[in-house]
Structures are given as C-alpha cells and as structure tokens.
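**Student:** Here it is: the structure, laid out below.
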Amino acid sequence: MKIAMQVDATQLEAHRVPLRGHCYRMLGSAFDAEDAVQETMVRAWQALDRFEGRASLRTWLYRIATNVCLDALSARSRRARPMEEGRNGSIEDHLEVRERRYWLEPVPDARVLPSDASPFELAALRQSIRLAFVSALQHLPPRQRAALLLSEVLGWSAAEVAECLDISVAAVNSALQRARATVAARQGTTTSEPLSDEQSALLNRYVEAFHNYDVDALVALLREDATLSMPPYTLWLRGHETIKSWLLGPGAGCRGSRLLPTSASGTRGFGQYRPAPGGGHAPWALIVLEFDRDGIAAWNSFLDTEHLFPLFGLPGHLPA
C-alpha cells in the first residue's frame with residue numbers, strides 16, 4: 001500500500017534558494033531560474049499526494065526542477081557572452097546589440113547561496129555560479145549539463161542521475177566524461193576563491209581609481225590580456241591599450257561615476273551610477289569583476305540596469 005508523505009508549503013519553500021541556484025546553473029539567467037523554481041513549486045504542490053518519501057523531499061524537488069529546466073531548454077538556444085562572438089574589437093567598431101534573452105546574466109549571491117551552508121559547501125557553490133563556469137555549462141547539451149550538475153554540484157550517484165534523467169548508468173558516465181572535458185577546456189583560469197589580502201587591496205584601488213576616473217591607474221590593475229565586455233553589446237575589448245582608449249573615448253561618460261558594492265556570481269561586483277543630467281547619479285551598469293592570481297582578468301559591465309538593479313536590491317537613483 002502506498003502512503004503519501006505529509007509535506008506543507010513551508011517545507012517546500014525551505015528549498016527555494018538552493019533550487020534557484022540549480023536552475024540558474026542550468027539556464028544561465030537569474031530571471032529564467034526564478035520562473036523555473038516557481039514552476040517547480042507548482043508541480044510539486046500538485047503532486048504532493050503522490051510523494052511517498054522513498055527519496056528525500058530535497059531529491060524529489062531537484063528531480064522536478066531539473067525536468068522543468070530541460071523543458072525550458074528544449075525551446076531555446078544557449079546563453080552567450082560577448083567574448084564568444086568572435087574576435088575582440090576596437091573603439092572604431094560598430095556597436096551591435098542583441099536581445100537580453102541572448103546573453104548570460106549574473107545572479108545575486110544571496111538569491112542562490114543558502115545561508116545555512118557550511119563554509120566548505122559555500123566555497124563549492126560559489127565556484128559553481130561564477131560566470132566562467134556557467135558560461136562553459138552553456139556549451140553542453142541540456143542532459144549533459146544536468147548530469148554534470150547533479151553529479152558534481154549536488155553529489156548524486158550515477159544511479160540517481162540515471163533515474164532522474166531516465167537514461168542508463170552507462171549513459172550517465174559517458175555524458176559526465178564528455179561534459180567534464182568540455183567544461184575544463186572552456187572555463188579558463190578565473191577563480192572564485194576568497195580574495196587574498198593583496199586582491200582585496202587591489203579591489204580598493206580599483207574603486208578609488210574609478211571614483212577619480214584615473215584611467216592609467218584603472219588599466220594598471222588589469223591583467224595584460226584582460227577583457228572588457230558590455231552586454232547587450234556584442235563588442236568586447238582585450239588588452240591595456242584598447243581598454244584605455246575606450247575609457248578615454250566612448251566610455252568617457254563614466255567620469256564622475258559612483259560605485260556601490262554587491263556580490264554577484266560568486267565574486268565582487270558593483271552597481272555603477274553615472275552623473276545624471278538632473279543631478280545625482282543614475283544607474284548605468286552592473287559591474288562583475290573576475291579575478292585570477294595575477295589580478296583582474298575580466299571586467300564585465302552589464303548594462304541592463306532596468307532589470308538587474310532591482311534584482312540586486314540596488315537603488316534606482318543616488319542623490320547628489
């Protein structure tokens with residue numbers, strides 16, 4: 001005789017944050033992840049009378065969420081970064097815009113990292129939401145992506161992954177082998193480890209140089225082959241001289257900006273506000289910096305402040 005387990009809405013809601021993280025890794029968009037988690041909760045609530053407790057509630061919810069994401073991925077292409085759009089450009093290049101649904105988006109750490117996780121778990125989860133890793137995941141077929149995340153991030157056995165994806169254990173092991181190779185080749189050398197004292201000092205110098213709009217000082221903090229990208233523009237820049245030319249040329253409107261700190265995609269970020277014509281400062285970009293052992297490796301300025309600033313809890317205007 002099958003006996004349904006008694007589960008209430010509070011027990012379901014307790015899993016919302018980690019489920020949101022799983023869906024973000026699958027979909028590459030904080031907004032799509034929110035929709036997927038909401039659909040997961042609806043499906044779970046509708047199926048509660050069939051939940052028998054043979055697996056934990058957590059495992060059961062992840063199975064539902066994974067299938068929600070696979071359904072979503074069947075109807076759309078992967079999320080991309082400007083650095084995947086071809087060669088790096090120059091300040092003379094035409095600025096081409098792509099729709100926001102085309103681009104990989106950052107996510108606020110607080111929305112996807114459980115507050116009750118251990119320091120070891122937090123370090124691993126932070127690594128799993130950094131832009132380079134989530135971008136590499138986008139190059140995997142959806143089921144490979146799910147297999148890798150269920151195995152590497154959630155720690156499921158091959159048998160559990162096989163049951164979730166309705167494939168054989170042999171197929172899971174084969175998918176994992178291919179997925180690991182693809183991700184290792186694509187995610188680069190950036191790190192989400194806690195910043196060293198030297199990197200923290202570098203970050204403070206970055207903020208000071210930005211507020212003073214000291215372009216020479218800003219560029220000196222970047223790695224020699226660092227990149228600058230500005231979604232929704234496809235244009236991206238590489239190297240000190242090109243980035244300096246941009247900051248002194250088309251980007252000179254950033255002079256006088258103010259930065260508010262935030263945590264984004266497992267690393268440090270800032271809400272950038274440029275001087276507004278009517279006084280004060282208006283939202284301009286969500287900056288996400290990627291570090292490696294040699295300094296700032298990537299400067300990502302996401303210009304979709306209409307959607308991202310409310311998501312990150314950043315104010316819509318700064319007074320003078």
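Lettering and numbering for the structure tokens are positional, with chains as A, B, ... in the shown order, residues counted from 1 in each chain, and ligands counted from 1 in the shown order.
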Per DSSP on the backbone, filter stretch 89-267 of chain A down to the residues in strand (DSSP E or B) and report them as a list in words.
**Tutor:** Val97, Trp103, Pro108, Thr191, Leu222, Arg223, Glu224, Asp225, Ala226, Thr227, Leu228, Ser229, Tyr233, Trp236, Leu237, Arg238, Arg258, Leu259, Leu260, Pro261, Thr262, Ser263, Ala264 and Thr267 of chain A
**Student:** With the cut-off set at 9 Å and counting only C-alpha atoms, tabulate each residue of stretch 36-66 of chain A with an atom at most that distance from an atom of stretch 157-179 of chain A, showing the nearest atom pair and its distance in Å to one decimal, ordered by chain and increasing number, as a Markdown table.
**Tutor:**
| residue | atom | partner | partner_atom | distance |
| --- | --- | --- | --- | --- |
| A:Tyr62 | CA | A:Cys164 | CA | 8.9 |
| A:Arg63 | CA | A:Cys164 | CA | 5.7 |
| A:Ile64 | CA | A:Cys164 | CA | 8.7 |
| A:Thr66 | CA | A:Cys164 | CA | 8.1 |
**Student:** Suppose we keep N, CA and C atoms; can you now write the selection as a tab-separated table (two decimals), in the first residue's frame?
**Tutor:**
chain	number	residue	atom	x	y	z
A	62	TYR	N	14.59	18.43	-6.62
A	62	TYR	CA	15.61	18.62	-7.64
A	62	TYR	C	15.27	17.87	-8.93
A	63	ARG	N	14.66	16.72	-8.80
A	63	ARG	CA	14.24	15.99	-10.00
A	63	ARG	C	13.21	16.80	-10.78
A	64	ILE	N	12.25	17.36	-10.06
A	64	ILE	CA	11.23	18.18	-10.72
A	64	ILE	C	11.88	19.40	-11.37
A	66	THR	N	14.95	19.88	-12.34
A	66	THR	CA	15.79	19.52	-13.49
A	66	THR	C	14.93	19.31	-14.72
**Student:** Considering only C-alpha atoms, return as a short mmCIF file (atom, residue, chain, number, x, y, z; two decimals) with C-alpha atoms, in the first residue's frame whatever protein or nucleic-acid residues lie within 8 Å of A:Val215, sequence-local ones (same chain, fewer than 5 positions apart) excluded.
**Tutor:**
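The resulting file, out00.cif, is reproduced below:
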data_model
loop_
_atom_site.label_atom_id
_atom_site.label_comp_id
_atom_site.auth_asym_id
_atom_site.auth_seq_id
_atom_site.Cartn_x
_atom_site.Cartn_y
_atom_site.Cartn_z
CA ALA A 209 40.68 54.86 -9.34
CA PHE A 210 37.15 54.61 -10.73
CA LYS A 244 42.37 52.56 -22.10
CA LEU A 247 37.70 54.54 -21.29
CA LEU A 248 39.13 57.82 -22.59
#
**Student:** Would you mind listing what lies within 6 Å of A:Arg20 as a ChimeraX atom specification, with only C-alpha atoms counted and same-chain residues fewer than 5 positions away left out?
**Tutor:** /A:33,37,112
**Student:** Take atom CA of A:Glu105 and atom CA of A:Ala201 and report the distance between them in Å, one decimal.
**Tutor:** 27.0 Å
**Student:** Based on the backbone DSSP call, show me all residues of stretch 43-290 of chain A assigned helix (DSSP H, G or I), as an MDAnalysis selection string.
**Tutor:** chainID A and resid 43:46 48:50 57:73 82:84 100:102 109:112 119:128 131:137 142:153 158:165 169:186 197:212 215:220 240:248 250:254
